[in-house]
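Trainee: One structure, as structure tokens, below. Some questions next.
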Amino acid sequence: MTTALLSLAPIVIPLAAAGLALIWGWTRVTSWGNVAASLAVLASGVGLAGQVAHPVFSVGHLLRADTLTAVMLIVIGGVGTLATWSSIDYIGAELAEGATTAAGARQYATLVPLFLAAMSLAVLADNLGVIWTAIEATTVATAFLVGHRRTRQSLEATWKYVIVCSFGITVAFLGTVVIYLASIHAGAPASSALNLDVLAAHAGRFDPALTRLAVGFLFVGFGAKAGLVPFHTWIADAHSQAPGPVSALMSGVLLSVAFSILLRLRVISDLALGDGYMRVMFLTVGLATLLVAVSLLVGQRDLKRLLAYSSIEQMGLLAVASASPNRLASAGVLLLIAAHGMAKAVLFLTAGQLQHAHHSSLIADIRGLLARSRLLGTTFAVGLIGLLGLPPFGLFAAEIAIARGMAADELAVPLGAAALLLAVGFIAVTRHGTGMLLGSSQRDAPALAVSRTAAVPLLAGMVALTALGVVGGPVSHLFTTAAAAVGGR
Amino acid sequence: MSASAYLSGVNLVAGGLLVLTVAVVWRRDLAAMIRLLALQGLFLGAIPVLAGVYHRDAQLVVVGVAVAALRAGLFPRLLRARLRGEPAEDREAAPLVTTTASLLAAAALIIVAYVVAAPVVRLGPDGPARAAPVGFAMVFIGIFLLVTRRKALSQVIGLLILDNGIDAVAFVAAAGVPVIVELGVSLDVLLGVLVLGVLAGRMHAKFGGTDLDELRELHE
């Protein structure tokens with residue numbers, strides 16, 4: 001019973017918050033209601049973590065919660081809390097300056113919790129078709145969030161975002177239809193043939209040629225939403241044009257929610273076709289994604305685009321690591337998802353503040369942060385160190401786990417290639433980052449004043465990011481059991 | 001209805017779908033493309049109706065009618081409403097490649113579709129699944145339209161043909177996907193079309209047209 005409530009809450013409560021915002025517009029109550037809805041998602045994830053050592057079904061067989069679901073809900077809720085909290089300052093400032101209207105603020109307050117509900121549904125749904133619907137719903141919900149600022153550039157970014165993601169997700173639907181055919185021809189009942197467990201139970205009898213086709217389409221389709229090559233192009237445009245809190249949500253969680261579906265797919269594909277098929281896809285696409293991302297990090301001139309390409313880089317690393325289905329590497333993948341989500345949230349929220357103060361997001365315009373603002377300098381530095389994978393942060397432990405897991409699976413060559421690319425990315429981000437933190441600022445650099453409503457979520461994110469790295473024990477247990485849920489052996 | 005009548009019915013409809021798809025490639029006039037798309041929606045809805053009559057399954061007939069209403073009625077209506085806002089010079093698809101080259105590409109894509117769809121056809125070589133390559137051909141031609149047409153509306157048309165193709169595969173090979181999935185998918189596609197329509201309107205207001213070559217400020 002409690003699991004049923006905990007599974008429903010992350011979908012229903014954000015939907016309720018969206019409904020309130022639609023009726024009342026942007027008010028004190030509805031804006032805090034969105035924060036409360038995010039906290040509810042977080043609390044459900046924490047609550048579920050202790051109860052779902054085995055998958056638990058609710059609402060018929062519509063929803064299914066396991067440890068991977070719990071981890072993803074914690075990431076959605078955690079980053080969601082930071083994003084909705086700092087939205088109060090963001091929209092408040094925009095309304096005060098006349099940069100947005102009451103209608104624009106209402107739209108923002110409605111779409112953000114809808115976005116959260118769609119992501120929760122994507123990690124909770126049992127039916128691959130419903131998962132597909134939820135992922136496509138995230139595109140619909142975020143379209144006008146990316147285009148919130150209504151400039152020429154944001155319109156351009158929105159169009160490219162919606163077209164590329166709709167296209168990618170449509171390809172995934174073709175994969176869904178083909179795997180449905182494989183499932184019913186392997187004897188699964190038509191009404192439940194797309195349920196994850198039914199797919200896994202019948203995977204041994206799937207027609208191999210049909211399954212290869214289906215997995216290929218699903219990989220490309222959901223990979224597009226996860227920012228993998230060749231459909232990574234929307235990310236830098238959308239992330240750089242969206243408001244800071246929305247970028248934090250898209251980069252910190254949306255990409256990894258889409259990626260978690262590839263992990264679900266891996267379980268089914270490995271049962272039907274053996275490890276080899278998806279391993280080859282993960283390795284080639286992952287390394288190509290890393291290569292593209294790193295090469296664009298080096299000469300980057302815009303802070304938000306820099307952060308976006310770093311997200312693509314991390315998704316590439318996730319893909320390379322997912323080639324290794326053992327438990328250690330899988331746990332590393334999940335820890336990476338959580339640590340990267342938190343670090344990116346802190347960085348995008350800081351970047352939003354910096355962009356607002358400088359009226360620019362060019363790296364060359366934003367110098368000497370540590371000397372100019374103790375708060376923003378610190379959050380930017382901590383977020384950056386967390387992102388670069390230095391100890392004591394979670395990304396460090398995750399990368400070590402991935403390296404050991406891949407080495408155990410005799411994937412040393414791709415591991416070496418990935419490490420080399422990551423090293424180049426590390427140098428590029430460090431060079432840009434130190435310039436921004438320590439470089440000498442222009443004489444007319446604007447004052448960096450941060451309101452209290454903006455400062456608290458930034459600090460909270462920084463504390464959570466650090467805690468995730470320092471507190472080992474209970475958290476690492478969750479990640480290891482979650483790794484087993486995605487087939488980690 | 002006899003089995004052979006059902007099969008020839010499906011084959012006839014599938015042939016019609018393919019002809020309509022190629023005709024979209026051939027036309028440049030957006031209004032004509034929308035008319036062809038509407039007709040395609042009607043043909044698509046006919047497949048589950050035929051299956052419903054043959055299997056005496058009322059639910060399939062309802063699904064077919066709903067699909068036709070959405071894809072032959074609502075979507076074309078929305079696109080036409082958008083088109084009325086465009087000035088005359090924006091009512092052509094502005095292809096990047098000539099019509100002849102486009103038709104040759106479509107022919108090549110149809111051959112590719114037959115190769116790719118082979119595992120699906122093998123599931124029921126004597127049944128309606130034989131028509132599955134047509135669905136795949138629509139998918140590939142939809143993608144081709146998406147990348148080679150440079151007007152906002154023509155990209156939406158490409159996306160819808162892609163989507164019709166997937167539905168065609170589902171209908172001929174498995175009498176459609178479970179109703180909850182079909183419902184979710186249709187709702188998402190509808191919302192997607194609405195969002196793209198609003199964006200095309202905003203683009204029109206900001207850029208004075210919906211030529212996608214205007215979208216070139218964001219790049220590396």
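Simple scheme: letters A, B, ... for chains in structure tokens order, numbers from 1 for residues in each chain, numbers from 1 for ligands in the order shown.
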Give me the residues within 9 Å of Ala364 (chain A) as a PyMOL selection string, counting only C-alpha atoms and dropping any in the same chain fewer than 5 places off.

Mentor: chain A and resi 301-302+435-436

Trainee: Determine, for each residue of chain A having at least one atom at most 8 Å from an atom of chain B, the closest pair of atoms and their separation in Å to one decimal, counting only C-alpha atoms; order by chain and ascending number, as a tab-separated table.

Mentor:
```
residue	atom	partner	partner_atom	distance
A:Gly129	CA	B:Val181	CA	5.2
A:Val130	CA	B:Val181	CA	6.1
A:Thr133	CA	B:Gly184	CA	5.6
A:Glu136	CA	B:Asp188	CA	6.5
A:Ala137	CA	B:Asp188	CA	6.3
A:Val140	CA	B:Gly192	CA	6.1
A:Ala143	CA	B:Val195	CA	7.5
A:Arg152	CA	B:Lys206	CA	6.7
A:Gln153	CA	B:Glu217	CA	6.6
A:Leu155	CA	B:Met203	CA	7.0
A:Glu156	CA	B:Leu215	CA	5.6
A:Ala157	CA	B:Leu218	CA	7.4
A:Thr158	CA	B:Leu199	CA	8.0
A:Trp159	CA	B:Leu199	CA	6.9
A:Val162	CA	B:Leu196	CA	7.5
A:Ser166	CA	B:Gly192	CA	7.7
A:Phe167	CA	B:Leu159	CA	6.8
A:Thr170	CA	B:Asp163	CA	6.7
A:Phe173	CA	B:Ile166	CA	7.5
A:Leu174	CA	B:Ile166	CA	5.6
A:Val177	CA	B:Ala170	CA	6.0
A:Val178	CA	B:Val120	CA	7.7
A:Tyr180	CA	B:Val177	CA	7.6
A:Leu181	CA	B:Ala174	CA	6.6
A:His185	CA	B:Leu123	CA	7.7
A:Ala190	CA	B:Pro178	CA	7.0
A:Ser191	CA	B:Pro178	CA	5.8
A:Ala209	CA	B:Pro119	CA	5.9
A:Leu210	CA	B:Pro119	CA	5.4
A:Asp237	CA	B:Leu218	CA	6.4
A:Leu296	CA	B:Glu220	CA	7.8
```

Trainee: Selection from above, C-alpha atoms, as a PDB file, in the first residue's frame, can you write it?

Mentor:
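Dumped to again-v4.pdb:
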```
ATOM      1  CA  GLY A 129       4.897   2.401 -24.783  1.00  0.00           C
ATOM      2  CA  VAL A 130       3.960   4.459 -21.728  1.00  0.00           C
ATOM      3  CA  THR A 133       4.780   8.641 -24.143  1.00  0.00           C
ATOM      4  CA  GLU A 136       7.808  12.588 -25.639  1.00  0.00           C
ATOM      5  CA  ALA A 137       5.749  14.505 -23.064  1.00  0.00           C
ATOM      6  CA  VAL A 140       6.208  19.010 -25.230  1.00  0.00           C
ATOM      7  CA  ALA A 143       9.440  23.386 -25.562  1.00  0.00           C
ATOM      8  CA  ARG A 152      15.355  35.145 -31.864  1.00  0.00           C
ATOM      9  CA  GLN A 153      17.996  32.770 -30.554  1.00  0.00           C
ATOM     10  CA  LEU A 155      13.089  30.591 -30.803  1.00  0.00           C
ATOM     11  CA  GLU A 156      15.722  29.044 -33.049  1.00  0.00           C
ATOM     12  CA  ALA A 157      16.887  26.779 -30.221  1.00  0.00           C
ATOM     13  CA  THR A 158      13.323  25.716 -29.453  1.00  0.00           C
ATOM     14  CA  TRP A 159      12.543  24.822 -33.054  1.00  0.00           C
ATOM     15  CA  VAL A 162      11.496  20.099 -30.769  1.00  0.00           C
ATOM     16  CA  SER A 166      10.426  14.592 -31.936  1.00  0.00           C
ATOM     17  CA  PHE A 167      12.280  12.918 -34.756  1.00  0.00           C
ATOM     18  CA  THR A 170       9.517   8.872 -33.306  1.00  0.00           C
ATOM     19  CA  PHE A 173       8.397   4.483 -31.381  1.00  0.00           C
ATOM     20  CA  LEU A 174       9.213   2.435 -34.472  1.00  0.00           C
ATOM     21  CA  VAL A 177       6.373  -1.309 -32.402  1.00  0.00           C
ATOM     22  CA  VAL A 178       8.977  -3.778 -33.698  1.00  0.00           C
ATOM     23  CA  TYR A 180       6.105  -5.443 -29.594  1.00  0.00           C
ATOM     24  CA  LEU A 181       5.925  -7.676 -32.682  1.00  0.00           C
ATOM     25  CA  HIS A 185       5.360 -13.657 -31.609  1.00  0.00           C
ATOM     26  CA  ALA A 190      -0.912  -8.652 -26.465  1.00  0.00           C
ATOM     27  CA  SER A 191      -2.107  -6.393 -23.647  1.00  0.00           C
ATOM     28  CA  ALA A 209      16.679 -10.343 -36.591  1.00  0.00           C
ATOM     29  CA  LEU A 210      13.570  -8.527 -35.390  1.00  0.00           C
ATOM     30  CA  ASP A 237      21.332  25.301 -28.333  1.00  0.00           C
ATOM     31  CA  LEU A 296      33.850  21.389 -28.874  1.00  0.00           C
TER      32      LEU A 296
END
```

Trainee: Which residues are close to Gly77 (chain A), i.e. within 12 Å by only C-alpha atoms, leaving aside same-chain residues fewer than 3 positions away? Reply as a ChimeraX atom specification.

Mentor: /A:9-11,13-14,34-46,69-74,80-85,113,115-117,119-120,249,252-254,338,341-342,345

Trainee: Since we have the selection now, will you write its residues out, keeping C-alpha atoms, as a compact mmCIF listing (two decimals), in the first residue's frame?

Mentor:
```txt
# COMPACT_ATOMS: atom_id res chain seq x y z
CA ALA A 9 3.05 10.61 -5.44
CA PRO A 10 5.91 11.63 -7.80
CA ILE A 11 3.41 11.80 -10.67
CA ILE A 13 1.70 15.73 -6.70
CA PRO A 14 3.58 17.61 -9.47
CA ASN A 34 6.35 23.68 -7.08
CA VAL A 35 9.21 23.40 -4.57
CA ALA A 36 6.98 21.23 -2.36
CA ALA A 37 6.12 19.01 -5.35
CA SER A 38 9.83 18.51 -6.08
CA LEU A 39 10.47 17.67 -2.42
CA ALA A 40 7.62 15.14 -2.64
CA VAL A 41 9.36 13.46 -5.60
CA LEU A 42 12.60 13.40 -3.61
CA ALA A 43 10.88 11.99 -0.51
CA SER A 44 9.13 9.29 -2.56
CA GLY A 45 12.45 8.25 -4.04
CA VAL A 46 14.05 8.02 -0.59
CA THR A 69 13.49 3.92 -10.13
CA ALA A 70 14.33 5.04 -6.60
CA VAL A 71 17.74 6.39 -7.63
CA MET A 72 16.26 8.25 -10.60
CA LEU A 73 13.44 9.72 -8.48
CA ILE A 74 15.99 10.96 -5.95
CA GLY A 80 14.02 19.59 -9.14
CA THR A 81 14.03 21.08 -5.65
CA LEU A 82 17.05 23.25 -6.42
CA ALA A 83 15.63 24.32 -9.78
CA THR A 84 12.12 25.21 -8.57
CA TRP A 85 13.53 26.97 -5.53
CA PRO A 113 5.95 20.64 -12.56
CA PHE A 115 8.02 18.37 -16.82
CA LEU A 116 8.81 16.80 -13.42
CA ALA A 117 5.69 14.61 -13.57
CA MET A 119 10.11 12.45 -15.98
CA SER A 120 8.76 10.63 -12.91
CA LEU A 249 16.77 20.29 -14.95
CA GLY A 252 21.07 17.39 -14.67
CA VAL A 253 18.15 14.99 -15.04
CA LEU A 254 16.37 14.86 -18.39
CA ALA A 338 23.54 11.37 -9.44
CA GLY A 341 23.12 15.86 -11.91
CA MET A 342 23.93 17.71 -8.69
CA ALA A 345 22.49 21.86 -11.25
```

Trainee: Which distance in Å separates CA of Leu421 (chain A) and CA of Val220 (chain A), to one decimal?

Mentor: 22.6 Å

Trainee: Contacts between region 308-314 of chain A and region 411-439 of chain A, please, where a residue of region 411-439 of chain A counts if it comes within 10 Å (with only C-alpha atoms); show its shortest atom pair and distance in Å to one decimal, rows by chain and ascending number, as a tab-separated table.

Mentor:
```
residue	atom	partner	partner_atom	distance
A:Leu421	CA	A:Glu313	CA	9.1
A:Leu422	CA	A:Glu313	CA	8.0
A:Gly425	CA	A:Ser310	CA	8.0
A:Phe426	CA	A:Ser310	CA	9.6
A:Val429	CA	A:Ser310	CA	8.3
```

Trainee: In Å to one decimal, how far is CA of Asp213 (chain B) from CA of Gly299 (chain A)?

Mentor: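 A separation of 25.2 Å between them.
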
Trainee: I'd like the interatomic distance between CA of Pro76 (chain B) and CA of Val24 (chain B), to a tenth of an Å.

Mentor: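 Between these atoms lies a distance of 13.7 Å.
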
Trainee: Just asking: which residues within chain B are strand (DSSP E or B) according to DSSP, as an mmCIF file with C-alpha atoms, in the first residue's frame?

Mentor:
```cif
data_model
loop_
_atom_site.group_PDB
_atom_site.id
_atom_site.type_symbol
_atom_site.label_atom_id
_atom_site.label_comp_id
_atom_site.auth_asym_id
_atom_site.auth_seq_id
_atom_site.Cartn_x
_atom_site.Cartn_y
_atom_site.Cartn_z
ATOM 1 C CA ASP B 29 2.927 23.368 -53.053
ATOM 2 C CA GLU B 92 6.111 26.313 -51.252
ATOM 3 C CA PRO B 95 13.412 21.759 -51.203
ATOM 4 C CA ARG B 149 12.711 20.655 -46.977
ATOM 5 C CA LYS B 151 10.134 25.407 -44.495
ATOM 6 C CA ASP B 211 12.389 29.747 -43.899
#
```

Trainee: Would you please extract all alpha helix (DSSP H) residues from region 114-216 of chain B, as assigned by DSSP on the backbone, and give them as a CSV table (one decimal) with N, CA and C atoms, in the first residue's frame?

Mentor:
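What landed in states23.csv:
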```csv
chain,number,residue,atom,x,y,z
B,114,TYR,N,12.3,-2.4,-48.2
B,114,TYR,CA,12.0,-3.8,-48.4
B,114,TYR,C,13.1,-4.7,-47.7
B,115,VAL,N,14.3,-4.2,-47.8
B,115,VAL,CA,15.4,-5.0,-47.2
B,115,VAL,C,15.2,-4.9,-45.6
B,116,VAL,N,15.1,-3.7,-45.1
B,116,VAL,CA,15.0,-3.6,-43.6
B,116,VAL,C,13.8,-4.3,-43.1
B,118,ALA,N,12.4,-7.0,-44.0
B,118,ALA,CA,12.4,-8.4,-44.2
B,118,ALA,C,12.0,-9.2,-42.9
B,119,PRO,N,12.7,-8.9,-41.7
B,119,PRO,CA,12.3,-9.7,-40.5
B,119,PRO,C,10.8,-9.6,-40.1
B,120,VAL,N,10.3,-8.4,-40.4
B,120,VAL,CA,8.8,-8.2,-40.0
B,120,VAL,C,8.0,-9.0,-41.0
B,121,VAL,N,8.3,-9.0,-42.3
B,121,VAL,CA,7.5,-9.7,-43.2
B,121,VAL,C,7.6,-11.2,-42.9
B,122,ARG,N,8.7,-11.7,-42.5
B,122,ARG,CA,8.9,-13.1,-42.2
B,122,ARG,C,7.9,-13.6,-41.1
B,123,LEU,N,7.5,-12.7,-40.3
B,123,LEU,CA,6.5,-13.1,-39.2
B,123,LEU,C,5.3,-13.7,-39.8
B,132,ALA,N,4.2,-4.7,-44.7
B,132,ALA,CA,5.0,-3.9,-43.8
B,132,ALA,C,6.1,-3.0,-44.4
B,133,PRO,N,6.7,-3.4,-45.5
B,133,PRO,CA,7.7,-2.6,-46.2
B,133,PRO,C,7.2,-1.2,-46.5
B,134,VAL,N,5.9,-1.1,-46.8
B,134,VAL,CA,5.3,0.2,-47.2
B,134,VAL,C,5.4,1.1,-46.0
B,135,GLY,N,5.1,0.6,-44.8
B,135,GLY,CA,5.2,1.4,-43.6
B,135,GLY,C,6.7,1.9,-43.4
B,136,PHE,N,7.6,1.0,-43.6
B,136,PHE,CA,9.0,1.4,-43.5
B,136,PHE,C,9.4,2.5,-44.5
B,137,ALA,N,8.9,2.3,-45.8
B,137,ALA,CA,9.2,3.2,-46.8
B,137,ALA,C,8.7,4.6,-46.4
B,138,MET,N,7.5,4.6,-45.8
B,138,MET,CA,6.9,5.9,-45.4
B,138,MET,C,7.8,6.6,-44.3
B,139,VAL,N,8.3,5.7,-43.4
B,139,VAL,CA,9.2,6.2,-42.4
B,139,VAL,C,10.5,6.9,-43.0
B,140,PHE,N,11.1,6.1,-43.9
B,140,PHE,CA,12.4,6.6,-44.5
B,140,PHE,C,12.1,7.9,-45.4
B,141,ILE,N,11.0,7.9,-46.1
B,141,ILE,CA,10.7,9.1,-47.0
B,141,ILE,C,10.3,10.3,-46.1
B,142,GLY,N,9.7,10.0,-45.0
B,142,GLY,CA,9.4,11.0,-44.0
B,142,GLY,C,10.7,11.7,-43.5
B,143,ILE,N,11.6,10.8,-43.2
B,143,ILE,CA,12.9,11.4,-42.7
B,143,ILE,C,13.6,12.2,-43.8
B,144,PHE,N,13.5,11.7,-45.0
B,144,PHE,CA,14.1,12.4,-46.2
B,144,PHE,C,13.5,13.8,-46.3
B,145,LEU,N,12.1,13.9,-46.2
B,145,LEU,CA,11.5,15.2,-46.3
B,145,LEU,C,11.9,16.1,-45.2
B,146,LEU,N,12.0,15.5,-44.0
B,146,LEU,CA,12.4,16.3,-42.8
B,146,LEU,C,13.8,17.0,-43.0
B,147,VAL,N,14.7,16.3,-43.6
B,147,VAL,CA,16.0,16.9,-43.8
B,147,VAL,C,16.2,17.7,-45.0
B,148,THR,N,15.4,17.5,-46.1
B,148,THR,CA,15.6,18.2,-47.3
B,148,THR,C,14.7,19.4,-47.6
B,152,ALA,N,9.2,25.5,-42.3
B,152,ALA,CA,8.8,25.0,-41.0
B,152,ALA,C,7.6,24.0,-41.2
B,153,LEU,N,6.6,24.3,-42.0
B,153,LEU,CA,5.5,23.4,-42.2
B,153,LEU,C,5.9,22.2,-42.9
B,154,SER,N,6.8,22.2,-43.9
B,154,SER,CA,7.1,21.0,-44.6
B,154,SER,C,7.9,20.0,-43.7
B,155,GLN,N,8.6,20.6,-42.7
B,155,GLN,CA,9.2,19.7,-41.7
B,155,GLN,C,8.2,18.9,-40.9
B,156,VAL,N,7.1,19.7,-40.5
B,156,VAL,CA,6.1,19.1,-39.7
B,156,VAL,C,5.4,18.0,-40.6
B,157,ILE,N,5.2,18.3,-41.9
B,157,ILE,CA,4.6,17.2,-42.7
B,157,ILE,C,5.4,16.0,-42.8
B,158,GLY,N,6.8,16.2,-42.9
B,158,GLY,CA,7.7,15.0,-42.9
B,158,GLY,C,7.5,14.2,-41.7
B,159,LEU,N,7.5,14.9,-40.5
B,159,LEU,CA,7.3,14.2,-39.2
B,159,LEU,C,6.0,13.4,-39.2
B,160,LEU,N,5.0,14.0,-39.7
B,160,LEU,CA,3.7,13.3,-39.7
B,160,LEU,C,3.7,12.1,-40.6
B,161,ILE,N,4.3,12.2,-41.7
B,161,ILE,CA,4.4,11.0,-42.6
B,161,ILE,C,5.2,9.9,-42.0
B,162,LEU,N,6.3,10.3,-41.3
B,162,LEU,CA,7.1,9.3,-40.5
B,162,LEU,C,6.2,8.6,-39.5
B,163,ASP,N,5.4,9.4,-38.8
B,163,ASP,CA,4.5,8.8,-37.8
B,163,ASP,C,3.4,7.9,-38.4
B,164,ASN,N,2.8,8.4,-39.5
B,164,ASN,CA,1.9,7.5,-40.2
B,164,ASN,C,2.5,6.2,-40.6
B,165,GLY,N,3.8,6.2,-41.1
B,165,GLY,CA,4.5,5.0,-41.5
B,165,GLY,C,4.6,4.0,-40.3
B,166,ILE,N,4.9,4.5,-39.1
B,166,ILE,CA,5.0,3.6,-38.0
B,166,ILE,C,3.7,3.0,-37.7
B,167,ASP,N,2.6,3.8,-37.7
B,167,ASP,CA,1.3,3.3,-37.4
B,167,ASP,C,0.9,2.2,-38.5
B,168,ALA,N,1.3,2.5,-39.7
B,168,ALA,CA,1.0,1.5,-40.8
B,168,ALA,C,1.7,0.2,-40.5
B,169,VAL,N,3.0,0.2,-40.0
B,169,VAL,CA,3.7,-1.0,-39.6
B,169,VAL,C,2.9,-1.7,-38.5
B,170,ALA,N,2.5,-1.0,-37.5
B,170,ALA,CA,1.9,-1.6,-36.4
B,170,ALA,C,0.5,-2.2,-36.8
B,171,PHE,N,-0.2,-1.5,-37.7
B,171,PHE,CA,-1.5,-2.0,-38.1
B,171,PHE,C,-1.4,-3.3,-39.0
B,172,VAL,N,-0.5,-3.3,-39.9
B,172,VAL,CA,-0.5,-4.5,-40.8
B,172,VAL,C,0.2,-5.7,-40.1
B,173,ALA,N,1.1,-5.4,-39.2
B,173,ALA,CA,1.9,-6.6,-38.6
B,173,ALA,C,1.2,-7.1,-37.3
B,174,ALA,N,0.4,-6.2,-36.6
B,174,ALA,CA,0.0,-6.7,-35.3
B,174,ALA,C,-1.4,-6.1,-35.0
B,179,VAL,N,-4.2,-0.3,-26.8
B,179,VAL,CA,-4.9,0.9,-26.9
B,179,VAL,C,-4.3,2.0,-26.1
B,180,ILE,N,-3.8,1.7,-24.9
B,180,ILE,CA,-3.3,2.7,-24.0
B,180,ILE,C,-2.1,3.4,-24.7
B,181,VAL,N,-1.3,2.6,-25.4
B,181,VAL,CA,-0.1,3.1,-26.1
B,181,VAL,C,-0.5,4.0,-27.2
B,182,GLU,N,-1.5,3.5,-28.0
B,182,GLU,CA,-2.0,4.3,-29.2
B,182,GLU,C,-2.5,5.6,-28.7
B,183,LEU,N,-3.2,5.6,-27.6
B,183,LEU,CA,-3.8,6.8,-27.0
B,183,LEU,C,-2.8,7.8,-26.6
B,184,GLY,N,-1.8,7.3,-25.9
B,184,GLY,CA,-0.7,8.2,-25.4
B,184,GLY,C,0.1,8.8,-26.6
B,185,VAL,N,0.4,7.9,-27.6
B,185,VAL,CA,1.1,8.4,-28.7
B,185,VAL,C,0.4,9.4,-29.5
B,186,SER,N,-1.0,9.2,-29.7
B,186,SER,CA,-1.7,10.2,-30.5
B,186,SER,C,-1.8,11.5,-29.8
B,187,LEU,N,-2.0,11.4,-28.4
B,187,LEU,CA,-2.0,12.7,-27.7
B,187,LEU,C,-0.7,13.5,-27.8
B,188,ASP,N,0.4,12.7,-27.7
B,188,ASP,CA,1.7,13.4,-27.8
B,188,ASP,C,1.9,14.0,-29.1
B,189,VAL,N,1.6,13.2,-30.2
B,189,VAL,CA,1.8,13.8,-31.6
B,189,VAL,C,0.9,15.0,-31.8
B,190,LEU,N,-0.3,14.9,-31.2
B,190,LEU,CA,-1.2,16.1,-31.4
B,190,LEU,C,-0.6,17.3,-30.7
B,191,LEU,N,-0.1,17.1,-29.4
B,191,LEU,CA,0.5,18.2,-28.7
B,191,LEU,C,1.7,18.7,-29.4
B,192,GLY,N,2.5,17.8,-30.0
B,192,GLY,CA,3.7,18.2,-30.7
B,192,GLY,C,3.4,19.0,-31.9
B,193,VAL,N,2.3,18.7,-32.6
B,193,VAL,CA,1.9,19.5,-33.8
B,193,VAL,C,1.5,20.8,-33.4
B,194,LEU,N,0.7,20.9,-32.2
B,194,LEU,CA,0.3,22.2,-31.7
B,194,LEU,C,1.4,23.1,-31.4
B,195,VAL,N,2.4,22.5,-30.6
B,195,VAL,CA,3.6,23.2,-30.2
B,195,VAL,C,4.3,23.8,-31.4
B,196,LEU,N,4.6,22.9,-32.4
B,196,LEU,CA,5.3,23.3,-33.6
B,196,LEU,C,4.5,24.4,-34.4
B,197,GLY,N,3.2,24.3,-34.3
B,197,GLY,CA,2.4,25.3,-35.0
B,197,GLY,C,2.5,26.7,-34.3
B,198,VAL,N,2.5,26.7,-33.0
B,198,VAL,CA,2.7,27.9,-32.3
B,198,VAL,C,4.1,28.5,-32.6
B,199,LEU,N,5.1,27.6,-32.6
B,199,LEU,CA,6.5,28.1,-32.8
B,199,LEU,C,6.6,28.6,-34.2
B,200,ALA,N,6.0,28.0,-35.2
B,200,ALA,CA,6.0,28.5,-36.6
B,200,ALA,C,5.4,29.9,-36.6
B,201,GLY,N,4.3,30.1,-35.9
B,201,GLY,CA,3.7,31.4,-35.8
B,201,GLY,C,4.6,32.4,-35.2
B,202,ARG,N,5.3,32.1,-34.1
B,202,ARG,CA,6.3,33.0,-33.5
B,202,ARG,C,7.4,33.3,-34.4
B,203,MET,N,7.8,32.3,-35.2
B,203,MET,CA,8.9,32.5,-36.1
B,203,MET,C,8.6,33.5,-37.2
B,204,HIS,N,7.3,33.3,-37.6
B,204,HIS,CA,6.8,34.2,-38.6
B,204,HIS,C,6.8,35.6,-38.1
B,205,ALA,N,6.4,35.8,-36.9
B,205,ALA,CA,6.4,37.2,-36.3
B,205,ALA,C,7.8,37.7,-36.1
B,206,LYS,N,8.8,36.9,-35.8
B,206,LYS,CA,10.1,37.4,-35.5
B,206,LYS,C,11.0,37.5,-36.7
B,207,PHE,N,10.9,36.5,-37.6
B,207,PHE,CA,11.8,36.5,-38.8
B,207,PHE,C,11.1,37.0,-40.0
```

Trainee: For Leu420 (chain A), please output as a PyMOL selection string all residues within 12 Å (counting only C-alpha atoms; exclusion window: fewer than 4 positions along the same chain).

Mentor: chain A and resi 287+290-291+294+317+413-416+424-427

Trainee: For the residues in the current selection, export N, CA and C atoms as a compact mmCIF listing (two decimals), in the first residue's frame.

Mentor:
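What follows is the written file result_17.txt:
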```txt
# COMPACT_ATOMS: atom_id res chain seq x y z
N LEU A 287 32.08 6.50 -27.55
CA LEU A 287 33.38 7.11 -27.86
C LEU A 287 33.20 8.25 -28.86
N LEU A 290 31.95 11.21 -26.92
CA LEU A 290 33.04 11.82 -26.15
C LEU A 290 33.92 12.67 -27.06
N LEU A 291 34.25 12.12 -28.23
CA LEU A 291 35.14 12.83 -29.15
C LEU A 291 34.53 14.16 -29.58
N VAL A 294 34.31 16.64 -26.51
CA VAL A 294 35.59 17.17 -26.06
C VAL A 294 36.15 18.17 -27.06
N LEU A 317 30.54 9.25 -21.66
CA LEU A 317 31.20 8.38 -20.68
C LEU A 317 30.22 7.33 -20.14
N VAL A 413 41.01 -1.34 -23.75
CA VAL A 413 41.31 -0.44 -24.88
C VAL A 413 40.29 0.71 -24.97
N PRO A 414 38.98 0.40 -25.01
CA PRO A 414 38.03 1.52 -25.00
C PRO A 414 38.13 2.36 -23.74
N LEU A 415 38.45 1.72 -22.61
CA LEU A 415 38.62 2.48 -21.37
C LEU A 415 39.76 3.48 -21.53
N GLY A 416 40.87 3.02 -22.13
CA GLY A 416 42.01 3.91 -22.33
C GLY A 416 41.65 5.07 -23.25
N VAL A 424 41.62 15.29 -22.03
CA VAL A 424 41.60 16.52 -22.84
C VAL A 424 40.45 17.42 -22.37
N GLY A 425 39.27 16.80 -22.12
CA GLY A 425 38.13 17.57 -21.63
C GLY A 425 38.44 18.22 -20.30
N PHE A 426 39.14 17.48 -19.43
CA PHE A 426 39.52 17.99 -18.12
C PHE A 426 40.37 19.24 -18.25
N ILE A 427 41.36 19.16 -19.14
CA ILE A 427 42.26 20.31 -19.31
C ILE A 427 41.47 21.51 -19.85
```

Trainee: Choose the residue, out of B:Leu18, B:Leu42, B:Leu37, B:Ala81, that has the smallest atom-to-atom separation from Gly64 (chain B); count only C-alpha atoms.

Mentor: B:Leu42
